[in-house]
>>> print(open('model-v8.json').read())   # JSON, C-alpha atoms
[["chain", "number", "residue", "atom", "x", "y", "z"],
["A", 16, "MET", "CA", 38.28, 49.67, -27.40],
["A", 17, "ARG", "CA", 41.68, 50.41, -25.87],
["A", 18, "ASP", "CA", 40.10, 52.01, -22.77],
["A", 19, "ARG", "CA", 37.89, 48.96, -22.31],
["A", 20, "TYR", "CA", 40.90, 46.65, -22.57],
["A", 21, "VAL", "CA", 42.84, 48.73, -20.01],
["A", 22, "THR", "CA", 39.85, 48.61, -17.64],
["A", 23, "GLN", "CA", 39.61, 44.83, -17.94],
["A", 24, "VAL", "CA", 43.31, 44.41, -17.25],
["A", 25, "TRP", "CA", 43.13, 46.74, -14.24],
["A", 26, "ASN", "CA", 40.12, 44.86, -12.86],
["A", 27, "SER", "CA", 41.95, 41.54, -13.26],
["A", 28, "VAL", "CA", 44.99, 42.93, -11.47],
["A", 29, "ALA", "CA", 42.77, 44.21, -8.66],
["A", 30, "ARG", "CA", 41.14, 40.80, -8.16],
["A", 31, "PHE", "CA", 44.54, 39.08, -8.27],
["A", 32, "ALA", "CA", 45.83, 41.49, -5.59],
["A", 33, "TYR", "CA", 42.69, 40.88, -3.51],
["A", 34, "THR", "CA", 43.13, 37.11, -3.80],
["A", 35, "LEU", "CA", 46.82, 37.32, -2.90],
["A", 36, "LEU", "CA", 46.10, 39.48, 0.15],
["A", 37, "TYR", "CA", 43.26, 37.17, 1.22],
["A", 38, "THR", "CA", 45.60, 34.19, 0.91],
["A", 39, "LEU", "CA", 48.26, 35.87, 3.03],
["A", 40, "LEU", "CA", 45.68, 36.72, 5.68],
["A", 41, "MET", "CA", 44.25, 33.20, 5.88],
["A", 42, "PRO", "CA", 46.24, 32.27, 9.03],
["A", 43, "LEU", "CA", 44.81, 35.33, 10.81],
["A", 44, "ILE", "CA", 41.30, 34.62, 9.52],
["A", 45, "VAL", "CA", 41.41, 31.06, 10.84],
["A", 46, "ALA", "CA", 42.98, 32.25, 14.11],
["A", 47, "ARG", "CA", 40.13, 34.74, 14.55],
["A", 48, "LEU", "CA", 37.63, 31.94, 13.99],
["A", 49, "TRP", "CA", 39.36, 29.87, 16.66],
["A", 50, "TRP", "CA", 39.47, 32.89, 19.00],
["A", 51, "ARG", "CA", 35.72, 33.44, 18.65],
["A", 52, "GLY", "CA", 35.31, 29.80, 19.54],
["A", 53, "ARG", "CA", 36.38, 30.59, 23.11],
["A", 54, "ALA", "CA", 33.00, 32.19, 23.77],
["A", 55, "ASN", "CA", 30.99, 30.15, 21.27],
["A", 56, "PRO", "CA", 32.46, 26.66, 20.64],
["A", 57, "ALA", "CA", 30.32, 26.31, 17.50],
["A", 58, "TYR", "CA", 32.84, 28.51, 15.66],
["A", 59, "ARG", "CA", 35.37, 25.70, 16.06],
["A", 60, "GLN", "CA", 33.08, 23.09, 14.55],
["A", 61, "ARG", "CA", 32.60, 22.15, 10.89],
["A", 62, "ILE", "CA", 35.68, 24.18, 9.89],
["A", 63, "ALA", "CA", 36.25, 21.96, 6.84],
["A", 64, "GLU", "CA", 33.10, 23.44, 5.27],
["A", 65, "ARG", "CA", 34.76, 26.84, 5.21],
["A", 66, "PHE", "CA", 37.39, 25.34, 2.89],
["A", 67, "GLY", "CA", 34.82, 23.81, 0.55],
["A", 68, "TYR", "CA", 34.73, 20.28, 1.97],
["A", 69, "LEU", "CA", 31.02, 19.57, 2.41],
["A", 70, "PRO", "CA", 29.01, 16.96, 4.32],
["A", 71, "HIS", "CA", 26.17, 17.02, 1.78],
["A", 72, "HIS", "CA", 26.13, 16.26, -1.94],
["A", 73, "PRO", "CA", 22.76, 17.47, -3.24],
["A", 74, "ARG", "CA", 21.52, 16.58, -6.69],
["A", 75, "ALA", "CA", 22.59, 19.05, -9.38],
["A", 76, "GLY", "CA", 20.29, 21.87, -10.46],
["A", 77, "GLY", "CA", 19.13, 23.08, -7.06],
["A", 78, "LEU", "CA", 18.58, 26.60, -5.78],
["A", 79, "TRP", "CA", 21.31, 28.03, -3.57],
["A", 80, "VAL", "CA", 20.37, 30.76, -1.08],
["A", 81, "HIS", "CA", 23.10, 32.56, 0.87],
["A", 82, "ALA", "CA", 21.99, 34.22, 4.12],
["A", 83, "VAL", "CA", 24.82, 35.55, 6.30],
["A", 84, "SER", "CA", 23.29, 35.17, 9.75],
["A", 85, "VAL", "CA", 20.01, 35.21, 11.69],
["A", 86, "GLY", "CA", 18.47, 38.35, 10.19],
["A", 87, "GLU", "CA", 19.14, 37.37, 6.59],
["A", 88, "THR", "CA", 17.85, 33.84, 7.26],
["A", 89, "LEU", "CA", 14.59, 35.21, 8.63],
["A", 90, "ALA", "CA", 14.32, 37.55, 5.65],
["A", 91, "ALA", "CA", 14.80, 34.61, 3.29],
["A", 92, "ALA", "CA", 12.22, 32.44, 5.08],
["A", 93, "PRO", "CA", 9.15, 33.43, 2.98],
["A", 94, "LEU", "CA", 11.10, 32.85, -0.25],
["A", 95, "VAL", "CA", 12.46, 29.50, 0.94],
["A", 96, "LYS", "CA", 9.09, 28.23, 2.17],
["A", 97, "ARG", "CA", 7.33, 29.23, -1.05],
["A", 98, "PHE", "CA", 10.05, 27.59, -3.15],
["A", 99, "LEU", "CA", 9.82, 24.36, -1.14],
["A", 100, "GLU", "CA", 6.04, 24.30, -1.62],
["A", 101, "GLN", "CA", 6.21, 24.89, -5.37],
["A", 102, "ASN", "CA", 9.33, 22.80, -6.10],
["A", 103, "PRO", "CA", 9.30, 19.85, -3.67],
["A", 104, "ASP", "CA", 11.64, 17.76, -5.85],
["A", 105, "THR", "CA", 14.31, 20.47, -6.35],
["A", 106, "PRO", "CA", 17.22, 20.60, -3.87],
["A", 107, "LEU", "CA", 17.49, 23.81, -1.87],
["A", 108, "ILE", "CA", 20.86, 24.72, -0.37],
["A", 109, "ILE", "CA", 21.24, 27.43, 2.29],
["A", 110, "THR", "CA", 24.63, 28.76, 3.35],
["A", 111, "THR", "CA", 25.41, 31.02, 6.29],
["A", 112, "THR", "CA", 28.64, 32.30, 7.81],
["A", 113, "THR", "CA", 27.74, 32.24, 11.52],
["A", 114, "PRO", "CA", 26.69, 29.45, 13.91],
["A", 115, "THR", "CA", 23.65, 31.49, 14.95],
["A", 116, "GLY", "CA", 22.58, 31.63, 11.32],
["A", 117, "SER", "CA", 23.12, 27.88, 11.08],
["A", 118, "GLU", "CA", 20.90, 27.26, 14.12],
["A", 119, "GLN", "CA", 18.21, 29.47, 12.64],
["A", 120, "VAL", "CA", 18.24, 27.47, 9.39],
["A", 121, "LYS", "CA", 17.87, 24.20, 11.32],
["A", 122, "ARG", "CA", 15.08, 25.64, 13.47],
["A", 123, "LEU", "CA", 13.08, 26.99, 10.54],
["A", 124, "PHE", "CA", 13.58, 24.30, 7.90],
["A", 125, "GLY", "CA", 15.02, 21.21, 9.59],
["A", 126, "GLY", "CA", 15.92, 18.50, 7.10],
["A", 127, "ARG", "CA", 13.99, 20.04, 4.21],
["A", 128, "VAL", "CA", 17.09, 21.95, 3.05],
["A", 129, "PHE", "CA", 20.81, 21.31, 2.78],
["A", 130, "HIS", "CA", 22.80, 23.63, 5.02],
["A", 131, "MET", "CA", 26.53, 24.41, 4.88],
["A", 132, "TYR", "CA", 28.84, 27.26, 5.77],
["A", 133, "LEU", "CA", 29.93, 29.50, 2.90],
["A", 134, "PRO", "CA", 33.60, 28.83, 2.05],
["A", 135, "TYR", "CA", 36.26, 31.50, 2.34],
["A", 136, "ASP", "CA", 36.45, 33.67, -0.76],
["A", 137, "LEU", "CA", 39.38, 32.03, -2.54],
["A", 138, "PRO", "CA", 38.88, 30.43, -5.97],
["A", 139, "VAL", "CA", 40.15, 27.00, -4.91],
["A", 140, "PHE", "CA", 37.58, 26.81, -2.09],
["A", 141, "ILE", "CA", 34.70, 28.30, -4.09],
["A", 142, "HIS", "CA", 35.24, 25.99, -7.09],
["A", 143, "ARG", "CA", 35.43, 22.95, -4.78],
["A", 144, "PHE", "CA", 32.14, 24.07, -3.21],
["A", 145, "LEU", "CA", 30.45, 24.64, -6.58],
["A", 146, "ARG", "CA", 31.61, 21.28, -7.96],
["A", 147, "THR", "CA", 29.86, 19.63, -5.01],
["A", 148, "ILE", "CA", 26.51, 21.44, -4.94],
["A", 149, "ARG", "CA", 26.23, 22.26, -8.72],
["A", 150, "PRO", "CA", 23.45, 24.86, -8.30],
["A", 151, "ALA", "CA", 21.26, 26.20, -11.09],
["A", 152, "ALA", "CA", 21.12, 29.67, -9.50],
["A", 153, "LEU", "CA", 22.28, 31.63, -6.46],
["A", 154, "VAL", "CA", 20.15, 34.04, -4.45],
["A", 155, "VAL", "CA", 22.18, 36.29, -2.13],
["A", 156, "MET", "CA", 20.23, 37.99, 0.64],
["A", 157, "GLU", "CA", 20.79, 41.72, 1.20],
["A", 158, "THR", "CA", 24.40, 42.73, 0.38],
["A", 159, "GLU", "CA", 26.89, 39.90, 0.84],
["A", 160, "LEU", "CA", 29.09, 40.24, -2.24],
["A", 161, "TRP", "CA", 32.48, 38.58, -2.65],
["A", 162, "PRO", "CA", 34.69, 39.17, -5.72],
["A", 163, "ASN", "CA", 35.84, 35.57, -6.24],
["A", 164, "LEU", "CA", 32.41, 34.12, -5.51],
["A", 165, "MET", "CA", 30.88, 36.33, -8.21],
["A", 166, "ALA", "CA", 33.67, 35.52, -10.68],
["A", 167, "CYS", "CA", 33.47, 31.75, -10.09],
["A", 168, "CYS", "CA", 29.70, 31.78, -10.57],
["A", 169, "GLU", "CA", 30.12, 33.66, -13.84],
["A", 170, "GLN", "CA", 32.71, 31.13, -15.04],
["A", 171, "ARG", "CA", 30.22, 28.31, -14.37],
["A", 172, "HIS", "CA", 27.29, 30.23, -15.90],
["A", 173, "ILE", "CA", 25.40, 30.35, -12.61],
["A", 174, "PRO", "CA", 23.01, 33.36, -12.49],
["A", 175, "VAL", "CA", 23.24, 35.39, -9.29],
["A", 176, "ILE", "CA", 20.31, 37.35, -7.87],
["A", 177, "LEU", "CA", 20.81, 39.91, -5.10],
["A", 178, "ALA", "CA", 17.52, 39.85, -3.18],
["A", 179, "ASN", "CA", 16.20, 42.27, -0.57],
["A", 180, "ALA", "CA", 19.24, 44.38, -1.47],
["A", 181, "ARG", "CA", 20.18, 47.35, 0.63],
["A", 182, "LEU", "CA", 23.15, 49.70, 0.48],
["A", 183, "SER", "CA", 23.70, 52.48, 3.00],
["A", 184, "GLU", "CA", 25.59, 55.67, 2.17],
["A", 185, "LYS", "CA", 28.48, 54.51, 4.34],
["A", 186, "SER", "CA", 28.69, 51.12, 2.63],
["A", 187, "ALA", "CA", 28.43, 52.73, -0.80],
["A", 188, "ARG", "CA", 31.37, 55.00, -0.01],
["A", 189, "GLY", "CA", 33.38, 51.95, 1.08],
["A", 190, "TYR", "CA", 32.58, 50.05, -2.12],
["A", 191, "ALA", "CA", 33.41, 53.13, -4.21],
["A", 192, "LYS", "CA", 36.97, 53.16, -2.84],
["A", 193, "PHE", "CA", 37.52, 49.76, -4.46],
["A", 194, "SER", "CA", 35.71, 50.33, -7.76],
["A", 195, "ALA", "CA", 38.05, 47.94, -9.61],
["A", 196, "LEU", "CA", 36.57, 45.14, -7.48],
["A", 197, "THR", "CA", 33.07, 46.52, -6.99],
["A", 198, "GLN", "CA", 32.09, 47.31, -10.57],
["A", 199, "PRO", "CA", 32.92, 43.85, -12.00],
["A", 200, "MET", "CA", 31.01, 42.23, -9.11],
["A", 201, "LEU", "CA", 27.90, 44.27, -9.85],
["A", 202, "GLN", "CA", 28.15, 43.65, -13.58],
["A", 203, "ARG", "CA", 28.22, 39.90, -12.93],
["A", 204, "LEU", "CA", 24.85, 40.05, -11.14],
["A", 205, "SER", "CA", 21.83, 38.93, -13.13],
["A", 206, "VAL", "CA", 19.25, 40.87, -11.07],
["A", 207, "VAL", "CA", 19.32, 43.22, -8.09],
["A", 208, "ALA", "CA", 16.02, 43.51, -6.22],
["A", 209, "ALA", "CA", 16.53, 46.62, -4.06],
["A", 210, "GLN", "CA", 14.51, 47.44, -0.96],
["A", 211, "HIS", "CA", 14.19, 51.18, -1.66],
["A", 212, "GLN", "CA", 14.86, 53.66, -4.44],
["A", 213, "SER", "CA", 17.72, 55.17, -2.44],
["A", 214, "ASP", "CA", 19.41, 51.75, -2.35],
["A", 215, "ALA", "CA", 18.81, 51.37, -6.08],
["A", 216, "ASP", "CA", 20.39, 54.74, -6.84],
["A", 217, "ARG", "CA", 23.54, 53.79, -4.94],
["A", 218, "PHE", "CA", 23.87, 50.51, -6.83],
["A", 219, "LEU", "CA", 23.54, 52.37, -10.12],
["A", 220, "ALA", "CA", 26.17, 54.91, -9.07],
["A", 221, "LEU", "CA", 28.58, 52.04, -8.37],
["A", 222, "GLY", "CA", 28.19, 50.61, -11.86],
["A", 223, "LEU", "CA", 25.19, 48.25, -11.84],
["A", 224, "PRO", "CA", 23.57, 48.11, -15.33],
["A", 225, "PRO", "CA", 20.14, 49.79, -15.04],
["A", 226, "GLU", "CA", 18.32, 46.98, -16.90],
["A", 227, "ARG", "CA", 19.24, 44.55, -14.11],
["A", 228, "LEU", "CA", 17.69, 46.61, -11.32],
["A", 229, "ALA", "CA", 14.24, 46.45, -9.74],
["A", 230, "VAL", "CA", 12.84, 48.13, -6.62],
["A", 231, "THR", "CA", 10.72, 45.52, -4.86],
["A", 232, "GLY", "CA", 10.50, 46.59, -1.21],
["A", 233, "SER", "CA", 11.61, 44.48, 1.73],
["A", 234, "VAL", "CA", 10.78, 40.77, 1.80],
["A", 235, "LYS", "CA", 10.57, 41.01, 5.59],
["A", 236, "PHE", "CA", 7.04, 42.34, 5.12],
["A", 237, "ASP", "CA", 6.14, 39.01, 3.53],
["A", 238, "LEU", "CA", 6.78, 37.21, 6.81],
["A", 239, "THR", "CA", 3.82, 35.26, 8.18],
["A", 240, "VAL", "CA", 3.31, 34.91, 11.92],
["A", 241, "ALA", "CA", 3.17, 31.28, 12.97],
["A", 242, "GLU", "CA", 0.01, 29.96, 14.58],
["A", 243, "GLY", "CA", 0.08, 30.40, 18.35],
["A", 244, "LEU", "CA", 2.83, 33.03, 18.31],
["A", 245, "ASN", "CA", 0.48, 35.85, 19.26],
["A", 246, "ASP", "CA", -0.74, 33.82, 22.23],
["A", 247, "LYS", "CA", 2.84, 33.21, 23.39],
["A", 248, "GLY", "CA", 3.55, 36.92, 23.10],
["A", 249, "ALA", "CA", 0.42, 37.81, 25.08],
["A", 250, "GLU", "CA", 1.38, 35.34, 27.79],
["A", 251, "LEU", "CA", 4.83, 36.88, 28.06],
["A", 252, "ARG", "CA", 3.33, 40.39, 28.19],
["A", 253, "GLN", "CA", 1.10, 39.27, 31.05],
["A", 254, "GLN", "CA", 4.18, 38.22, 33.03],
["A", 255, "TRP", "CA", 5.78, 41.63, 32.56],
["A", 256, "GLY", "CA", 2.59, 43.57, 33.33],
["A", 257, "ARG", "CA", 0.06, 44.19, 30.59],
["A", 258, "GLU", "CA", 0.12, 47.99, 30.89],
["A", 259, "ARG", "CA", 3.77, 48.28, 31.87],
["A", 260, "PRO", "CA", 6.02, 50.38, 29.60],
["A", 261, "VAL", "CA", 8.82, 48.30, 28.03],
["A", 262, "LEU", "CA", 12.00, 49.64, 26.45],
["A", 263, "ALA", "CA", 13.57, 47.01, 24.17],
["A", 264, "LEU", "CA", 17.14, 47.00, 22.92],
["A", 265, "ALA", "CA", 16.96, 44.37, 20.20],
["A", 266, "SER", "CA", 19.83, 42.57, 18.46],
["A", 267, "SER", "CA", 22.41, 44.47, 20.50],
["A", 268, "HIS", "CA", 26.17, 44.41, 20.01],
["A", 269, "PRO", "CA", 29.00, 44.65, 22.58],
["A", 270, "GLY", "CA", 28.89, 47.90, 24.56],
["A", 271, "GLU", "CA", 25.36, 48.86, 23.59],
["A", 272, "ASP", "CA", 23.61, 47.11, 26.48],
["A", 273, "GLU", "CA", 26.03, 48.72, 28.94],
["A", 274, "GLN", "CA", 25.26, 52.18, 27.56],
["A", 275, "VAL", "CA", 21.53, 51.69, 28.13],
["A", 276, "LEU", "CA", 22.13, 50.18, 31.59],
["A", 277, "ASP", "CA", 24.17, 53.28, 32.51],
["A", 278, "LEU", "CA", 21.10, 55.36, 31.70],
["A", 279, "TRP", "CA", 18.90, 53.30, 34.00],
["A", 280, "PRO", "CA", 18.82, 55.78, 36.91],
["A", 281, "GLU", "CA", 17.48, 58.53, 34.64],
["A", 282, "LEU", "CA", 15.08, 56.16, 32.88],
["A", 283, "HIS", "CA", 13.75, 54.83, 36.17],
["A", 284, "LYS", "CA", 13.31, 58.34, 37.54],
["A", 285, "ALA", "CA", 11.30, 59.38, 34.47],
["A", 286, "VAL", "CA", 9.30, 56.13, 34.21],
["A", 287, "PRO", "CA", 9.40, 54.28, 37.57],
["A", 288, "GLU", "CA", 7.51, 51.20, 36.32],
["A", 289, "LEU", "CA", 9.73, 50.76, 33.21],
["A", 290, "LEU", "CA", 10.96, 47.28, 32.21],
["A", 291, "LEU", "CA", 14.20, 47.14, 30.23],
["A", 292, "LEU", "CA", 14.23, 44.30, 27.69],
["A", 293, "LEU", "CA", 17.73, 43.36, 26.44],
["A", 294, "ILE", "CA", 18.04, 41.03, 23.43],
["A", 295, "PRO", "CA", 21.72, 40.39, 22.60],
["A", 296, "ARG", "CA", 22.41, 39.46, 18.99],
["A", 297, "HIS", "CA", 24.96, 36.73, 19.77],
["A", 298, "PRO", "CA", 24.51, 33.92, 22.33],
["A", 299, "GLU", "CA", 28.09, 34.20, 23.60],
["A", 300, "ARG", "CA", 27.11, 37.57, 25.12],
["A", 301, "PHE", "CA", 24.14, 36.33, 27.16],
["A", 302, "GLU", "CA", 26.20, 35.84, 30.30],
["A", 303, "ALA", "CA", 28.06, 39.14, 29.94],
["A", 304, "VAL", "CA", 24.83, 41.12, 29.54],
["A", 305, "GLY", "CA", 23.30, 39.44, 32.59],
["A", 306, "ASN", "CA", 26.42, 40.20, 34.64],
["A", 307, "ALA", "CA", 26.42, 43.83, 33.47],
["A", 308, "ALA", "CA", 22.88, 44.27, 34.82],
["A", 309, "ARG", "CA", 23.71, 42.53, 38.12],
["A", 310, "SER", "CA", 26.81, 44.67, 38.64],
["A", 311, "ARG", "CA", 24.52, 47.71, 38.67],
["A", 312, "GLN", "CA", 22.40, 46.12, 41.43],
["A", 313, "LEU", "CA", 19.35, 45.79, 39.19],
["A", 314, "LYS", "CA", 16.66, 43.16, 39.58],
["A", 315, "ILE", "CA", 17.24, 40.89, 36.60],
["A", 316, "GLN", "CA", 15.40, 37.93, 35.13],
["A", 317, "ARG", "CA", 16.86, 35.78, 32.34],
["A", 318, "ARG", "CA", 14.27, 34.23, 30.03],
["A", 319, "SER", "CA", 15.88, 30.79, 30.23],
["A", 320, "GLN", "CA", 15.70, 30.77, 34.04],
["A", 321, "GLY", "CA", 12.06, 31.50, 34.78],
["A", 322, "GLN", "CA", 9.30, 34.06, 34.63],
["A", 323, "ALA", "CA", 9.54, 37.79, 35.18],
["A", 324, "SER", "CA", 7.49, 39.61, 37.78],
["A", 325, "GLU", "CA", 6.44, 43.18, 38.41],
["A", 326, "ALA", "CA", 9.60, 43.58, 40.50],
["A", 327, "THR", "CA", 11.85, 42.70, 37.52],
["A", 328, "GLN", "CA", 13.72, 45.71, 36.18],
["A", 329, "VAL", "CA", 15.81, 44.07, 33.45],
["A", 330, "TYR", "CA", 14.68, 41.10, 31.35],
["A", 331, "VAL", "CA", 17.49, 39.41, 29.40],
["A", 332, "ALA", "CA", 16.30, 37.38, 26.41],
["A", 333, "ASP", "CA", 18.96, 34.67, 26.46],
["A", 334, "THR", "CA", 17.32, 32.33, 23.94],
["A", 335, "MET", "CA", 17.58, 32.11, 20.17],
["A", 336, "GLY", "CA", 14.83, 32.30, 17.56],
["A", 337, "GLU", "CA", 12.28, 34.15, 19.68],
["A", 338, "MET", "CA", 12.54, 37.68, 18.34],
["A", 339, "LEU", "CA", 8.99, 37.62, 16.94],
["A", 340, "THR", "CA", 7.60, 36.36, 20.22],
["A", 341, "LEU", "CA", 9.41, 39.09, 22.13]]
>>> encode(input="model-v8.json", output="structure tokens")
Amino acid sequence: MRDRYVTQVWNSVARFAYTLLYTLLMPLIVARLWWRGRANPAYRQRIAERFGYLPHHPRAGGLWVHAVSVGETLAAAPLVKRFLEQNPDTPLIITTTTPTGSEQVKRLFGGRVFHMYLPYDLPVFIHRFLRTIRPAALVVMETELWPNLMACCEQRHIPVILANARLSEKSARGYAKFSALTQPMLQRLSVVAAQHQSDADRFLALGLPPERLAVTGSVKFDLTVAEGLNDKGAELRQQWGRERPVLALASSHPGEDEQVLDLWPELHKAVPELLLLLIPRHPERFEAVGNAARSRQLKIQRRSQGQASEATQVYVADTMGEMLTL
């Protein structure tokens, strides 16, 4: 009994310290948001939502799905579409943290869902958010866990499901260093639906109760290909050359495209007809990736500016929402 009490006190102290540190860092967090807005102005829009002031006031009792960005939104799509079909009168709220995720939500679901940015993880912001949307349950895609978010949901008796959950060895080691925060978060979860047994084992090692765990596989395999998408893909392949080898660097981050472009002389020597397909993850990098290819005197074609030809060496996919087509 005494050990349990000591653990609870230590966990409370850890969350208080986390909240205090987060509060002190808020000026830097907001400044970083503003800084990112230099390349992508969308980061400077709708900032009030990140403090829990929302443009929408859905009816109470809806389902809340949190998907961080584009990938998580796509992963959640089959779940969201099925829920909308089976529960047309129940509000569905989707939160993201990035503008690209926001655009993906609008593209996939339009006005059928309520979309907002997830507030910063401070109790005052989270409670303000929850008072507005009043959800019946929260589904978090993959592994986006925040200590105060989990605690506030528990206080309001909102069940939290971690869906399509994954946890790499590196991430597990990071969470283990802060067990006083991690273990209470996991114990507040109602269900964890892990992608693989290895993910499940790591969650258990971090303190997740075994009875709340299920291994379900990845929901990304439930994705349905929209009608006409195969035809669009075939048309694009025809532009490139139907039998032409293509090397794709998909969802790339800063520095990765440049590394592959530096290898171009060797790649071209080994496979002279090769087409290099670059798909940057963030739209603010489209211009930089195109310039990186031009600076190496390569024949480049940007998707937004016309069709490729057999002479094209580098094809830059500078559009959003077309990963399946590509």
>>> closest_residue(input="model-v8.json", among="A:Leu153, A:Ile44, A:Leu145, A:Ala63", to="A:Trp79", atoms="all atoms listed in the file")
A:Leu153
>>> residues_around(input="model-v8.json", residues="stretch 297-307 of chain A", least_positions_apart="4", cutoff="10 Å", atoms="all atoms listed in the file", output="NGL selection string")
:A and (51-56 or 85 or 113-115 or 266-273 or 276-277 or 293 or 311-313 or 315-317 or 329-335)
>>> atom_distance(input="model-v8.json", atom1="atom CA of A:Tyr135", atom2="atom CA of A:Arg65")
5.7 Å
>>> closest_residue(input="model-v8.json", among="A:Arg61, A:His211, A:Arg74, A:Arg149", to="A:Met131", atoms="only C-alpha atoms")
A:Arg61
>>> residues_around(input="model-v8.json", residues="A:Val206", least_positions_apart="6", cutoff="8 Å", atoms="all atoms listed in the file", output="PDB file with C-alpha atoms, in the frame of the given file")
ATOM      1  CA  VAL A 175      23.240  35.390  -9.290  1.00  0.00           C
ATOM      2  CA  ILE A 176      20.310  37.350  -7.870  1.00  0.00           C
ATOM      3  CA  LEU A 177      20.810  39.910  -5.100  1.00  0.00           C
ATOM      4  CA  ARG A 227      19.240  44.550 -14.110  1.00  0.00           C
ATOM      5  CA  LEU A 228      17.690  46.610 -11.320  1.00  0.00           C
ATOM      6  CA  ALA A 229      14.240  46.450  -9.740  1.00  0.00           C
TER       7      ALA A 229
END
>>> closest_residue(input="model-v8.json", among="A:Trp279, A:Trp161, A:Phe98, A:Phe144", to="A:Leu78", atoms="all atoms listed in the file")
A:Phe98
>>> residues_around(input="model-v8.json", residues="A:Asn102", least_positions_apart="4", cutoff="12 Å", atoms="only C-alpha atoms", output="list in words")
Gly76, Gly77, Leu78, Leu94, Val95, Lys96, Arg97, Phe98, Pro106, Leu107 and Arg127 of chain A
>>> write_last_selection(input="model-v8.json", atoms="C-alpha atoms", output="PDB file, in the frame of the given file")
ATOM      1  CA  GLY A  76      20.290  21.870 -10.460  1.00  0.00           C
ATOM      2  CA  GLY A  77      19.130  23.080  -7.060  1.00  0.00           C
ATOM      3  CA  LEU A  78      18.580  26.600  -5.780  1.00  0.00           C
ATOM      4  CA  LEU A  94      11.100  32.850  -0.250  1.00  0.00           C
ATOM      5  CA  VAL A  95      12.460  29.500   0.940  1.00  0.00           C
ATOM      6  CA  LYS A  96       9.090  28.230   2.170  1.00  0.00           C
ATOM      7  CA  ARG A  97       7.330  29.230  -1.050  1.00  0.00           C
ATOM      8  CA  PHE A  98      10.050  27.590  -3.150  1.00  0.00           C
ATOM      9  CA  PRO A 106      17.220  20.600  -3.870  1.00  0.00           C
ATOM     10  CA  LEU A 107      17.490  23.810  -1.870  1.00  0.00           C
ATOM     11  CA  ARG A 127      13.990  20.040   4.210  1.00  0.00           C
TER      12      ARG A 127
END
>>> atom_distance(input="model-v8.json", atom1="atom CA of A:Val139", atom2="atom CA of A:Ser194")
23.9 Å
>>> atom_distance(input="model-v8.json", atom1="atom CA of A:Leu39", atom2="atom CA of A:Pro199")
22.9 Å
>>> residues_around(input="model-v8.json", residues="stretch 31-37 of chain A", least_positions_apart="4", cutoff="8 Å", atoms="all atoms listed in the file", output="list in words")
Ser27, Met41, Asp136, Leu137 and Asn163 of chain A
